[in-house]
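Text of run30.tsv, listed as TSV, N, CA and C atoms:
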```tsv
chain	number	residue	atom	x	y	z
C	1	MET	N	-5.47	22.70	-1.63
C	1	MET	CA	-4.40	21.77	-1.35
C	1	MET	C	-4.09	20.95	-2.61
C	2	ASN	N	-2.81	20.73	-2.87
C	2	ASN	CA	-2.47	19.92	-4.05
C	2	ASN	C	-2.71	18.44	-3.76
C	3	THR	N	-2.66	17.61	-4.80
C	3	THR	CA	-3.01	16.20	-4.66
C	3	THR	C	-2.04	15.44	-3.75
C	4	ARG	N	-0.76	15.81	-3.76
C	4	ARG	CA	0.20	15.12	-2.88
C	4	ARG	C	-0.12	15.40	-1.41
C	5	ARG	N	-0.47	16.64	-1.11
C	5	ARG	CA	-0.80	16.98	0.27
C	5	ARG	C	-2.11	16.32	0.70
C	6	VAL	N	-3.07	16.29	-0.19
C	6	VAL	CA	-4.34	15.61	0.11
C	6	VAL	C	-4.06	14.13	0.36
C	7	GLY	N	-3.24	13.53	-0.50
C	7	GLY	CA	-2.88	12.12	-0.34
C	7	GLY	C	-2.21	11.86	1.00
C	8	ALA	N	-1.31	12.76	1.40
C	8	ALA	CA	-0.61	12.59	2.69
C	8	ALA	C	-1.59	12.64	3.85
C	9	VAL	N	-2.58	13.50	3.78
C	9	VAL	CA	-3.58	13.60	4.85
C	9	VAL	C	-4.33	12.28	4.98
C	10	TYR	N	-4.76	11.72	3.85
C	10	TYR	CA	-5.54	10.48	3.90
C	10	TYR	C	-4.67	9.26	4.19
C	11	GLU	N	-3.41	9.31	3.84
C	11	GLU	CA	-2.50	8.23	4.23
C	11	GLU	C	-2.34	8.20	5.75
C	12	LYS	N	-2.23	9.37	6.37
C	12	LYS	CA	-2.14	9.43	7.84
C	12	LYS	C	-3.44	8.93	8.48
C	13	LYS	N	-4.59	9.30	7.90
C	13	LYS	CA	-5.86	8.80	8.43
C	13	LYS	C	-5.94	7.28	8.28
C	14	ALA	N	-5.51	6.78	7.15
C	14	ALA	CA	-5.50	5.33	6.93
C	14	ALA	C	-4.56	4.65	7.92
C	15	GLY	N	-3.40	5.26	8.15
C	15	GLY	CA	-2.45	4.72	9.12
C	15	GLY	C	-3.03	4.66	10.52
C	16	ALA	N	-3.71	5.72	10.93
C	16	ALA	CA	-4.35	5.74	12.25
C	16	ALA	C	-5.42	4.66	12.34
C	17	PHE	N	-6.17	4.49	11.26
C	17	PHE	CA	-7.19	3.43	11.23
C	17	PHE	C	-6.54	2.06	11.39
C	18	LEU	N	-5.47	1.81	10.64
C	18	LEU	CA	-4.79	0.51	10.72
C	18	LEU	C	-4.22	0.28	12.12
C	19	GLU	N	-3.67	1.31	12.72
C	19	GLU	CA	-3.16	1.18	14.10
C	19	GLU	C	-4.30	0.82	15.05
C	20	SER	N	-5.47	1.40	14.83
C	20	SER	CA	-6.62	1.08	15.69
C	20	SER	C	-7.07	-0.37	15.52
C	21	GLN	N	-6.66	-0.97	14.40
C	21	GLN	CA	-6.98	-2.37	14.13
C	21	GLN	C	-5.86	-3.32	14.57
C	22	GLY	N	-4.82	-2.76	15.19
C	22	GLY	CA	-3.76	-3.59	15.74
C	22	GLY	C	-2.48	-3.67	14.93
C	23	LEU	N	-2.41	-3.00	13.79
C	23	LEU	CA	-1.18	-3.01	13.00
C	23	LEU	C	-0.21	-1.97	13.55
C	24	THR	N	1.07	-2.20	13.30
C	24	THR	CA	2.11	-1.24	13.66
C	24	THR	C	2.64	-0.62	12.37
C	25	ILE	N	2.62	0.69	12.29
C	25	ILE	CA	3.13	1.37	11.10
C	25	ILE	C	4.65	1.41	11.18
C	26	LEU	N	5.30	0.89	10.16
C	26	LEU	CA	6.76	0.91	10.09
C	26	LEU	C	7.27	2.12	9.32
C	27	GLN	N	6.54	2.49	8.27
C	27	GLN	CA	7.01	3.59	7.43
C	27	GLN	C	5.88	4.08	6.53
C	28	TYR	N	5.88	5.39	6.31
C	28	TYR	CA	5.01	6.00	5.31
C	28	TYR	C	5.85	6.33	4.09
C	29	ASN	N	5.26	6.23	2.93
C	29	ASN	CA	5.84	6.68	1.66
C	29	ASN	C	7.24	6.13	1.40
C	30	PHE	N	7.36	4.82	1.37
C	30	PHE	CA	8.63	4.22	0.98
C	30	PHE	C	8.76	4.37	-0.53
C	31	ARG	N	9.84	5.03	-0.97
C	31	ARG	CA	10.02	5.32	-2.40
C	31	ARG	C	11.33	4.76	-2.91
C	32	ASN	N	11.30	4.40	-4.18
C	32	ASN	CA	12.53	4.14	-4.92
C	32	ASN	C	12.24	4.52	-6.37
C	33	ARG	N	13.16	4.20	-7.25
C	33	ARG	CA	12.99	4.64	-8.64
C	33	ARG	C	11.83	3.95	-9.35
C	34	TYR	N	11.32	2.86	-8.77
C	34	TYR	CA	10.22	2.13	-9.40
C	34	TYR	C	8.85	2.64	-8.98
C	35	GLY	N	8.80	3.36	-7.86
C	35	GLY	CA	7.51	3.86	-7.40
C	35	GLY	C	7.49	4.07	-5.91
C	36	GLU	N	6.31	3.93	-5.34
C	36	GLU	CA	6.11	4.24	-3.92
C	36	GLU	C	5.10	3.27	-3.32
C	37	ILE	N	5.32	2.95	-2.07
C	37	ILE	CA	4.32	2.24	-1.28
C	37	ILE	C	3.88	3.22	-0.20
C	38	ASP	N	2.56	3.41	-0.09
C	38	ASP	CA	2.02	4.42	0.82
C	38	ASP	C	2.34	4.11	2.28
C	39	ILE	N	2.10	2.87	2.69
C	39	ILE	CA	2.33	2.49	4.09
C	39	ILE	C	2.95	1.09	4.13
C	40	VAL	N	3.98	0.96	4.96
C	40	VAL	CA	4.52	-0.36	5.28
C	40	VAL	C	4.20	-0.58	6.75
C	41	ALA	N	3.57	-1.70	7.04
C	41	ALA	CA	3.12	-1.97	8.41
C	41	ALA	C	3.46	-3.41	8.80
C	42	ARG	N	3.23	-3.70	10.06
C	42	ARG	CA	3.43	-5.06	10.56
C	42	ARG	C	2.14	-5.50	11.22
C	43	ASP	N	1.72	-6.72	10.88
C	43	ASP	CA	0.55	-7.36	11.49
C	43	ASP	C	1.05	-8.68	12.05
C	44	LEU	N	1.35	-8.69	13.34
C	44	LEU	CA	2.01	-9.82	14.00
C	44	LEU	C	3.34	-10.09	13.31
C	45	GLU	N	3.49	-11.23	12.64
C	45	GLU	CA	4.75	-11.55	11.98
C	45	GLU	C	4.75	-11.19	10.50
C	46	THR	N	3.68	-10.64	10.00
C	46	THR	CA	3.52	-10.35	8.57
C	46	THR	C	3.84	-8.90	8.27
C	47	THR	N	4.67	-8.68	7.25
C	47	THR	CA	4.91	-7.33	6.75
C	47	THR	C	3.81	-7.02	5.74
C	48	VAL	N	3.18	-5.88	5.92
C	48	VAL	CA	2.02	-5.51	5.10
C	48	VAL	C	2.36	-4.26	4.29
C	49	PHE	N	2.19	-4.37	2.98
C	49	PHE	CA	2.38	-3.24	2.07
C	49	PHE	C	0.98	-2.73	1.71
C	50	VAL	N	0.74	-1.46	2.02
C	50	VAL	CA	-0.61	-0.90	1.91
C	50	VAL	C	-0.66	0.21	0.88
C	51	GLU	N	-1.60	0.09	-0.04
C	51	GLU	CA	-1.89	1.15	-0.99
C	51	GLU	C	-3.14	1.87	-0.49
C	52	VAL	N	-3.06	3.20	-0.39
C	52	VAL	CA	-4.19	4.02	0.07
C	52	VAL	C	-4.74	4.77	-1.14
C	53	LYS	N	-6.04	4.66	-1.35
C	53	LYS	CA	-6.70	5.39	-2.43
C	53	LYS	C	-7.84	6.21	-1.85
C	54	TYR	N	-7.91	7.46	-2.27
C	54	TYR	CA	-8.94	8.38	-1.78
C	54	TYR	C	-9.75	8.95	-2.94
C	55	ARG	N	-11.04	9.05	-2.73
C	55	ARG	CA	-11.94	9.78	-3.63
C	55	ARG	C	-12.92	10.55	-2.74
C	56	LYS	N	-13.21	11.77	-3.12
C	56	LYS	CA	-14.17	12.54	-2.31
C	56	LYS	C	-15.59	12.01	-2.51
C	57	ASP	N	-15.85	11.40	-3.67
C	57	ASP	CA	-17.14	10.75	-3.93
C	57	ASP	C	-16.91	9.70	-5.02
C	58	VAL	N	-17.96	9.04	-5.43
C	58	VAL	CA	-17.81	7.95	-6.41
C	58	VAL	C	-17.97	8.44	-7.85
C	59	GLY	N	-17.94	9.73	-8.06
C	59	GLY	CA	-18.08	10.29	-9.40
C	59	GLY	C	-17.07	9.76	-10.40
C	60	LYS	N	-15.86	9.47	-9.93
C	60	LYS	CA	-14.82	8.92	-10.80
C	60	LYS	C	-14.58	7.45	-10.51
C	61	GLY	N	-15.55	6.81	-9.88
C	61	GLY	CA	-15.43	5.40	-9.55
C	61	GLY	C	-14.98	5.20	-8.12
C	62	LEU	N	-15.05	3.95	-7.68
C	62	LEU	CA	-14.62	3.62	-6.33
C	62	LEU	C	-13.10	3.71	-6.23
C	63	PRO	N	-12.59	4.17	-5.11
C	63	PRO	CA	-11.13	4.32	-5.00
C	63	PRO	C	-10.39	3.00	-5.18
C	64	GLU	N	-10.94	1.91	-4.65
C	64	GLU	CA	-10.25	0.62	-4.75
C	64	GLU	C	-10.14	0.11	-6.19
C	65	GLU	N	-11.00	0.60	-7.06
C	65	GLU	CA	-10.93	0.19	-8.47
C	65	GLU	C	-9.68	0.73	-9.17
C	66	ALA	N	-9.05	1.73	-8.59
C	66	ALA	CA	-7.85	2.32	-9.19
C	66	ALA	C	-6.61	1.45	-8.98
C	67	VAL	N	-6.71	0.42	-8.15
C	67	VAL	CA	-5.57	-0.46	-7.90
C	67	VAL	C	-5.69	-1.64	-8.86
C	68	ASP	N	-5.38	-1.36	-10.12
C	68	ASP	CA	-5.50	-2.37	-11.16
C	68	ASP	C	-4.25	-3.26	-11.22
C	69	TYR	N	-4.24	-4.18	-12.17
C	69	TYR	CA	-3.15	-5.15	-12.28
C	69	TYR	C	-1.79	-4.46	-12.43
C	70	ARG	N	-1.75	-3.43	-13.25
C	70	ARG	CA	-0.48	-2.71	-13.48
C	70	ARG	C	0.01	-2.05	-12.19
C	71	LYS	N	-0.90	-1.42	-11.44
C	71	LYS	CA	-0.54	-0.79	-10.17
C	71	LYS	C	-0.08	-1.85	-9.16
C	72	GLN	N	-0.75	-2.98	-9.15
C	72	GLN	CA	-0.36	-4.07	-8.26
C	72	GLN	C	1.06	-4.55	-8.56
C	73	ALA	N	1.37	-4.72	-9.84
C	73	ALA	CA	2.72	-5.16	-10.22
C	73	ALA	C	3.77	-4.13	-9.80
C	74	LYS	N	3.44	-2.86	-9.92
C	74	LYS	CA	4.36	-1.80	-9.51
C	74	LYS	C	4.60	-1.85	-8.00
C	75	ILE	N	3.54	-2.02	-7.24
C	75	ILE	CA	3.66	-2.12	-5.78
C	75	ILE	C	4.54	-3.32	-5.42
C	76	CYS	N	4.34	-4.43	-6.11
C	76	CYS	CA	5.14	-5.63	-5.83
C	76	CYS	C	6.62	-5.40	-6.12
C	77	ARG	N	6.89	-4.67	-7.17
C	77	ARG	CA	8.29	-4.38	-7.51
C	77	ARG	C	8.94	-3.52	-6.43
C	78	VAL	N	8.24	-2.52	-5.95
C	78	VAL	CA	8.77	-1.68	-4.88
C	78	VAL	C	8.90	-2.51	-3.59
C	79	ALA	N	7.95	-3.38	-3.34
C	79	ALA	CA	8.01	-4.25	-2.15
C	79	ALA	C	9.22	-5.18	-2.23
C	80	ASP	N	9.52	-5.68	-3.40
C	80	ASP	CA	10.72	-6.52	-3.57
C	80	ASP	C	11.97	-5.75	-3.14
C	81	TYR	N	12.06	-4.50	-3.56
C	81	TYR	CA	13.21	-3.68	-3.20
C	81	TYR	C	13.25	-3.44	-1.68
C	82	TYR	N	12.10	-3.14	-1.10
C	82	TYR	CA	12.02	-2.94	0.36
C	82	TYR	C	12.51	-4.19	1.08
C	83	ARG	N	12.04	-5.34	0.65
C	83	ARG	CA	12.43	-6.61	1.29
C	83	ARG	C	13.93	-6.84	1.17
C	84	MET	N	14.50	-6.53	0.02
C	84	MET	CA	15.94	-6.70	-0.18
C	84	MET	C	16.70	-5.72	0.72
C	85	GLN	N	16.27	-4.47	0.73
C	85	GLN	CA	16.95	-3.43	1.51
C	85	GLN	C	16.91	-3.73	3.01
C	86	HIS	N	15.85	-4.38	3.46
C	86	HIS	CA	15.69	-4.69	4.88
C	86	HIS	C	16.06	-6.13	5.22
C	87	HIS	N	16.76	-6.78	4.30
C	87	HIS	CA	17.29	-8.13	4.51
C	87	HIS	C	16.20	-9.12	4.93
C	88	MET	N	15.06	-9.03	4.28
C	88	MET	CA	13.96	-9.94	4.56
C	88	MET	C	14.09	-11.14	3.62
C	89	GLY	N	14.19	-12.30	4.16
C	89	GLY	CA	14.31	-13.50	3.35
C	89	GLY	C	13.00	-13.85	2.66
C	90	ASP	N	13.05	-14.86	1.85
C	90	ASP	CA	11.87	-15.31	1.12
C	90	ASP	C	10.80	-15.92	2.03
C	91	PHE	N	11.18	-16.24	3.26
C	91	PHE	CA	10.23	-16.91	4.14
C	91	PHE	C	9.54	-15.96	5.11
C	92	VAL	N	9.83	-14.67	5.02
C	92	VAL	CA	9.12	-13.68	5.84
C	92	VAL	C	7.76	-13.45	5.17
C	93	PRO	N	6.68	-13.68	5.91
C	93	PRO	CA	5.36	-13.51	5.29
C	93	PRO	C	5.07	-12.04	4.96
C	94	VAL	N	4.49	-11.83	3.78
C	94	VAL	CA	4.08	-10.49	3.36
C	94	VAL	C	2.63	-10.54	2.88
C	95	ARG	N	2.02	-9.37	2.89
C	95	ARG	CA	0.63	-9.25	2.44
C	95	ARG	C	0.48	-7.90	1.76
C	96	PHE	N	-0.45	-7.84	0.82
C	96	PHE	CA	-0.72	-6.60	0.09
C	96	PHE	C	-2.17	-6.19	0.38
C	97	ASP	N	-2.33	-5.05	1.05
C	97	ASP	CA	-3.65	-4.55	1.43
C	97	ASP	C	-3.96	-3.26	0.68
C	98	VAL	N	-5.23	-2.94	0.62
C	98	VAL	CA	-5.70	-1.67	0.07
C	98	VAL	C	-6.62	-1.03	1.10
C	99	VAL	N	-6.40	0.25	1.36
C	99	VAL	CA	-7.32	1.02	2.17
C	99	VAL	C	-7.96	2.04	1.24
C	100	ALA	N	-9.28	1.95	1.11
C	100	ALA	CA	-10.02	2.85	0.24
C	100	ALA	C	-10.77	3.85	1.12
C	101	VAL	N	-10.58	5.13	0.83
C	101	VAL	CA	-11.27	6.18	1.57
C	101	VAL	C	-12.17	6.91	0.57
C	102	CYS	N	-13.46	6.88	0.86
C	102	CYS	CA	-14.42	7.56	0.00
C	102	CYS	C	-15.27	8.46	0.89
C	103	GLY	N	-15.05	9.76	0.75
C	103	GLY	CA	-15.69	10.69	1.67
C	103	GLY	C	-15.16	10.44	3.07
C	104	ARG	N	-16.03	10.08	3.99
C	104	ARG	CA	-15.61	9.78	5.37
C	104	ARG	C	-15.52	8.29	5.64
C	105	GLU	N	-15.89	7.48	4.67
C	105	GLU	CA	-15.90	6.02	4.85
C	105	GLU	C	-14.53	5.43	4.54
C	106	ILE	N	-14.08	4.53	5.41
C	106	ILE	CA	-12.81	3.82	5.20
C	106	ILE	C	-13.12	2.34	5.05
C	107	ARG	N	-12.62	1.76	3.94
C	107	ARG	CA	-12.76	0.33	3.71
C	107	ARG	C	-11.37	-0.28	3.62
C	108	TRP	N	-11.16	-1.33	4.38
C	108	TRP	CA	-9.86	-2.00	4.43
C	108	TRP	C	-9.98	-3.37	3.79
C	109	TYR	N	-9.20	-3.59	2.75
C	109	TYR	CA	-9.17	-4.87	2.04
C	109	TYR	C	-7.87	-5.59	2.41
C	110	ARG	N	-7.98	-6.51	3.34
C	110	ARG	CA	-6.81	-7.31	3.74
C	110	ARG	C	-6.54	-8.31	2.63
C	111	ASN	N	-5.25	-8.49	2.34
C	111	ASN	CA	-4.85	-9.43	1.29
C	111	ASN	C	-5.62	-9.13	0.00
C	112	ALA	N	-5.62	-7.87	-0.38
C	112	ALA	CA	-6.40	-7.39	-1.53
C	112	ALA	C	-5.96	-8.02	-2.84
C	113	PHE	N	-4.68	-8.35	-2.92
C	113	PHE	CA	-4.19	-9.02	-4.14
C	113	PHE	C	-2.97	-9.85	-3.80
C	114	GLU	N	-2.72	-10.82	-4.65
C	114	GLU	CA	-1.55	-11.69	-4.51
C	114	GLU	C	-0.35	-11.02	-5.17
C	115	TYR	N	0.81	-11.53	-4.87
C	115	TYR	CA	2.04	-11.03	-5.48
C	115	TYR	C	1.92	-11.11	-6.99
C	116	ARG	N	2.27	-10.04	-7.65
C	116	ARG	CA	2.27	-9.97	-9.13
C	116	ARG	C	3.71	-9.83	-9.58
C	117	LYS	N	4.08	-10.63	-10.54
C	117	LYS	CA	5.44	-10.49	-11.09
C	117	LYS	C	5.54	-9.14	-11.76
C	118	PRO	N	6.50	-8.32	-11.32
C	118	PRO	CA	6.64	-6.99	-11.92
C	118	PRO	C	6.99	-7.08	-13.41
C	119	TYR	N	6.53	-6.08	-14.14
C	119	TYR	CA	6.84	-6.00	-15.57
C	119	TYR	C	8.34	-5.85	-15.76
C	120	GLY	N	8.83	-6.38	-16.85
C	120	GLY	CA	10.24	-6.21	-17.20
C	120	GLY	C	11.16	-7.17	-16.47
C	121	ARG	N	10.61	-8.22	-15.87
C	121	ARG	CA	11.45	-9.18	-15.16
C	121	ARG	C	11.24	-10.56	-15.70
```

Encoded form (structure tokens):
Amino acid sequence: MNTRRVGAVYEKKAGAFLESQGLTILQYNFRNRYGEIDIVARDLETTVFVEVKYRKDVGKGLPEEAVDYRKQAKICRVADYYRMQHHMGDFVPVRFDVVAVCGREIRWYRNAFEYRKPYGR
């Protein structure tokens, strides 16, 4: 299986996990020219932008370590576009989560990072 297909499988598993925790999945793979957000979900009144990272083992490091400052800024830029496209005002609460899948273990980091000003702005 290629990496995109593997990623899609684990994004669906992460989505099912989040639903079991009470979140509602709004969309998978929201894309624009700036990048992609793996999962957009709702947790009560909060819109949650979720990055899913998978590693079969820790040989290349923990999956959550791959969500560095640059990746966070990219996610925030795509989230800004999503919010604009869906007419979400500045007062709609948002959160940035990371779901790390390593082997069969799933770790959910709620509010994994704060909003980062995207590069080039």

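Atom C of C:Gly35 is positioned 21.0 Å from atom CA of C:Gly89.
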
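Across the model, the gap from atom CA of C:Gly7 to atom CA of C:Asp80 is 23.3 Å.
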
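Close contacts of C:Glu65, defined as residues with an atom at most 8 Å away when counting only N, CA and C atoms, with chain neighbours fewer than 4 positions off set aside, comprise Lys53, Gly61, Tyr69 and Ala100 of chain C.
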
* Structure fact -> Students should find that atom C of C:Arg110 and atom N of C:Thr3 are spaced 27.2 Å

* Counting only N, CA and C atoms, find the residues whose atoms lie at most 8 Å from (4.4, 0.5, -5.1) (file coordinates) and write them out as a VMD selection string. => chain C and resid 30 to 32 34 to 38 50 to 51 71 to 79

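Shortest separation to C:Val6 among C:Tyr54, C:Lys60, C:His86, C:Leu23 occurs at residue C:Tyr54, atoms counted being all atoms listed in the file.
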
* What's the 8 Å shell around C:Asn111, counting all atoms listed in the file, without same-chain residues fewer than 5 positions away, as a PyMOL selection string? -> chain C and resi 94-98

* Where does DSSP see strand (DSSP E or B) in chain C, if you list the residues as a PyMOL selection string? -> chain C and resi 24-32+35-43+46-55+94-102+105-109

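Of the residues in stretch 52-111 of chain C, those that DSSP places in helix (DSSP H, G or I) on the basis of the backbone are Val58, Gly59, Lys60, Pro63, Glu64, Glu65, Ala66, Tyr69, Arg70, Lys71, Gln72, Ala73, Lys74, Ile75, Cys76, Arg77, Val78, Ala79, Asp80, Tyr81, Tyr82, Arg83, Met84 and Gln85 of chain C.
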
Print the selection's residues with N, CA and C atoms to a file, as an mmCIF file, in the coordinates of the input.
```cif
data_model
loop_
_atom_site.group_PDB
_atom_site.id
_atom_site.type_symbol
_atom_site.label_atom_id
_atom_site.label_comp_id
_atom_site.auth_asym_id
_atom_site.auth_seq_id
_atom_site.Cartn_x
_atom_site.Cartn_y
_atom_site.Cartn_z
ATOM 1 N N VAL C 58 -17.960 9.040 -5.430
ATOM 2 C CA VAL C 58 -17.810 7.950 -6.410
ATOM 3 C C VAL C 58 -17.970 8.440 -7.850
ATOM 4 N N GLY C 59 -17.940 9.730 -8.060
ATOM 5 C CA GLY C 59 -18.080 10.290 -9.400
ATOM 6 C C GLY C 59 -17.070 9.760 -10.400
ATOM 7 N N LYS C 60 -15.860 9.470 -9.930
ATOM 8 C CA LYS C 60 -14.820 8.920 -10.800
ATOM 9 C C LYS C 60 -14.580 7.450 -10.510
ATOM 10 N N PRO C 63 -12.590 4.170 -5.110
ATOM 11 C CA PRO C 63 -11.130 4.320 -5.000
ATOM 12 C C PRO C 63 -10.390 3.000 -5.180
ATOM 13 N N GLU C 64 -10.940 1.910 -4.650
ATOM 14 C CA GLU C 64 -10.250 0.620 -4.750
ATOM 15 C C GLU C 64 -10.140 0.110 -6.190
ATOM 16 N N GLU C 65 -11.000 0.600 -7.060
ATOM 17 C CA GLU C 65 -10.930 0.190 -8.470
ATOM 18 C C GLU C 65 -9.680 0.730 -9.170
ATOM 19 N N ALA C 66 -9.050 1.730 -8.590
ATOM 20 C CA ALA C 66 -7.850 2.320 -9.190
ATOM 21 C C ALA C 66 -6.610 1.450 -8.980
ATOM 22 N N TYR C 69 -4.240 -4.180 -12.170
ATOM 23 C CA TYR C 69 -3.150 -5.150 -12.280
ATOM 24 C C TYR C 69 -1.790 -4.460 -12.430
ATOM 25 N N ARG C 70 -1.750 -3.430 -13.250
ATOM 26 C CA ARG C 70 -0.480 -2.710 -13.480
ATOM 27 C C ARG C 70 0.010 -2.050 -12.190
ATOM 28 N N LYS C 71 -0.900 -1.420 -11.440
ATOM 29 C CA LYS C 71 -0.540 -0.790 -10.170
ATOM 30 C C LYS C 71 -0.080 -1.850 -9.160
ATOM 31 N N GLN C 72 -0.750 -2.980 -9.150
ATOM 32 C CA GLN C 72 -0.360 -4.070 -8.260
ATOM 33 C C GLN C 72 1.060 -4.550 -8.560
ATOM 34 N N ALA C 73 1.370 -4.720 -9.840
ATOM 35 C CA ALA C 73 2.720 -5.160 -10.220
ATOM 36 C C ALA C 73 3.770 -4.130 -9.800
ATOM 37 N N LYS C 74 3.440 -2.860 -9.920
ATOM 38 C CA LYS C 74 4.360 -1.800 -9.510
ATOM 39 C C LYS C 74 4.600 -1.850 -8.000
ATOM 40 N N ILE C 75 3.540 -2.020 -7.240
ATOM 41 C CA ILE C 75 3.660 -2.120 -5.780
ATOM 42 C C ILE C 75 4.540 -3.320 -5.420
ATOM 43 N N CYS C 76 4.340 -4.430 -6.110
ATOM 44 C CA CYS C 76 5.140 -5.630 -5.830
ATOM 45 C C CYS C 76 6.620 -5.400 -6.120
ATOM 46 N N ARG C 77 6.890 -4.670 -7.170
ATOM 47 C CA ARG C 77 8.290 -4.380 -7.510
ATOM 48 C C ARG C 77 8.940 -3.520 -6.430
ATOM 49 N N VAL C 78 8.240 -2.520 -5.950
ATOM 50 C CA VAL C 78 8.770 -1.680 -4.880
ATOM 51 C C VAL C 78 8.900 -2.510 -3.590
ATOM 52 N N ALA C 79 7.950 -3.380 -3.340
ATOM 53 C CA ALA C 79 8.010 -4.250 -2.150
ATOM 54 C C ALA C 79 9.220 -5.180 -2.230
ATOM 55 N N ASP C 80 9.520 -5.680 -3.400
ATOM 56 C CA ASP C 80 10.720 -6.520 -3.570
ATOM 57 C C ASP C 80 11.970 -5.750 -3.140
ATOM 58 N N TYR C 81 12.060 -4.500 -3.560
ATOM 59 C CA TYR C 81 13.210 -3.680 -3.200
ATOM 60 C C TYR C 81 13.250 -3.440 -1.680
ATOM 61 N N TYR C 82 12.100 -3.140 -1.100
ATOM 62 C CA TYR C 82 12.020 -2.940 0.360
ATOM 63 C C TYR C 82 12.510 -4.190 1.080
ATOM 64 N N ARG C 83 12.040 -5.340 0.650
ATOM 65 C CA ARG C 83 12.430 -6.610 1.290
ATOM 66 C C ARG C 83 13.930 -6.840 1.170
ATOM 67 N N MET C 84 14.500 -6.530 0.020
ATOM 68 C CA MET C 84 15.940 -6.700 -0.180
ATOM 69 C C MET C 84 16.700 -5.720 0.720
ATOM 70 N N GLN C 85 16.270 -4.470 0.730
ATOM 71 C CA GLN C 85 16.950 -3.430 1.510
ATOM 72 C C GLN C 85 16.910 -3.730 3.010
#
```

* Contact residues around C:Gly22 with all atoms listed in the file at 7 Å, ignoring same-chain residues under 2 positions, as a ChimeraX atom specification -> /C:17-20,24,42-44

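Ranking C:Val48, C:Val58, C:Val67, C:Ile106 by their shortest atom-to-atom distance to C:Pro93, with only C-alpha atoms included, puts C:Val48 first.
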
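Among the candidate residues C:Gln85, C:Arg104, C:Leu26, C:Lys12, the one lying nearest to C:Asp57 is C:Arg104, with distances computed using only C-alpha atoms.
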
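Shortest atom-to-atom contact with C:Val92 among C:Glu64, C:Thr46, C:Gln21, C:Arg107: C:Thr46, counting all atoms listed in the file.
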
Missing atoms in stretch 111-115 of chain C: fill them in up to all heavy atoms and send the result as a PDB file, keeping the file's coordinate frame.
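Result file is result_15.pdb:
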```
ATOM      1  N   ASN C 111      -5.250  -8.490   2.340  1.00  0.00           N
ATOM      2  CA  ASN C 111      -4.850  -9.430   1.290  1.00  0.00           C
ATOM      3  C   ASN C 111      -5.620  -9.130   0.000  1.00  0.00           C
ATOM      4  O   ASN C 111      -6.199 -10.017  -0.623  1.00  0.00           O
ATOM      5  CB  ASN C 111      -5.065 -10.870   1.754  1.00  0.00           C
ATOM      6  CG  ASN C 111      -4.149 -11.827   1.043  1.00  0.00           C
ATOM      7  OD1 ASN C 111      -3.111 -11.435   0.510  1.00  0.00           O
ATOM      8  ND2 ASN C 111      -4.522 -13.089   1.026  1.00  0.00           N
ATOM      9  N   ALA C 112      -5.620  -7.870  -0.380  1.00  0.00           N
ATOM     10  CA  ALA C 112      -6.400  -7.390  -1.530  1.00  0.00           C
ATOM     11  C   ALA C 112      -5.960  -8.020  -2.840  1.00  0.00           C
ATOM     12  O   ALA C 112      -6.765  -8.189  -3.754  1.00  0.00           O
ATOM     13  CB  ALA C 112      -6.310  -5.872  -1.621  1.00  0.00           C
ATOM     14  N   PHE C 113      -4.680  -8.350  -2.920  1.00  0.00           N
ATOM     15  CA  PHE C 113      -4.190  -9.020  -4.140  1.00  0.00           C
ATOM     16  C   PHE C 113      -2.970  -9.850  -3.800  1.00  0.00           C
ATOM     17  O   PHE C 113      -2.293  -9.629  -2.806  1.00  0.00           O
ATOM     18  CB  PHE C 113      -3.885  -8.009  -5.266  1.00  0.00           C
ATOM     19  CG  PHE C 113      -2.872  -6.949  -4.920  1.00  0.00           C
ATOM     20  CD1 PHE C 113      -1.516  -7.139  -5.167  1.00  0.00           C
ATOM     21  CD2 PHE C 113      -3.274  -5.742  -4.360  1.00  0.00           C
ATOM     22  CE1 PHE C 113      -0.584  -6.156  -4.856  1.00  0.00           C
ATOM     23  CE2 PHE C 113      -2.350  -4.755  -4.043  1.00  0.00           C
ATOM     24  CZ  PHE C 113      -1.007  -4.961  -4.296  1.00  0.00           C
ATOM     25  N   GLU C 114      -2.720 -10.820  -4.650  1.00  0.00           N
ATOM     26  CA  GLU C 114      -1.550 -11.690  -4.510  1.00  0.00           C
ATOM     27  C   GLU C 114      -0.350 -11.020  -5.170  1.00  0.00           C
ATOM     28  O   GLU C 114      -0.500 -10.091  -5.960  1.00  0.00           O
ATOM     29  CB  GLU C 114      -1.819 -13.043  -5.196  1.00  0.00           C
ATOM     30  CG  GLU C 114      -2.917 -13.846  -4.545  1.00  0.00           C
ATOM     31  CD  GLU C 114      -2.559 -14.317  -3.151  1.00  0.00           C
ATOM     32  OE1 GLU C 114      -1.393 -14.728  -2.934  1.00  0.00           O
ATOM     33  OE2 GLU C 114      -3.440 -14.259  -2.267  1.00  0.00           O
ATOM     34  N   TYR C 115       0.810 -11.530  -4.870  1.00  0.00           N
ATOM     35  CA  TYR C 115       2.040 -11.030  -5.480  1.00  0.00           C
ATOM     36  C   TYR C 115       1.920 -11.110  -6.990  1.00  0.00           C
ATOM     37  O   TYR C 115       1.490 -12.121  -7.540  1.00  0.00           O
ATOM     38  CB  TYR C 115       3.235 -11.849  -4.990  1.00  0.00           C
ATOM     39  CG  TYR C 115       4.538 -11.410  -5.611  1.00  0.00           C
ATOM     40  CD1 TYR C 115       5.258 -10.352  -5.070  1.00  0.00           C
ATOM     41  CD2 TYR C 115       5.032 -12.039  -6.752  1.00  0.00           C
ATOM     42  CE1 TYR C 115       6.445  -9.934  -5.645  1.00  0.00           C
ATOM     43  CE2 TYR C 115       6.218 -11.624  -7.333  1.00  0.00           C
ATOM     44  CZ  TYR C 115       6.916 -10.574  -6.782  1.00  0.00           C
ATOM     45  OH  TYR C 115       8.080 -10.159  -7.352  1.00  0.00           O
TER      46      TYR C 115
END
```
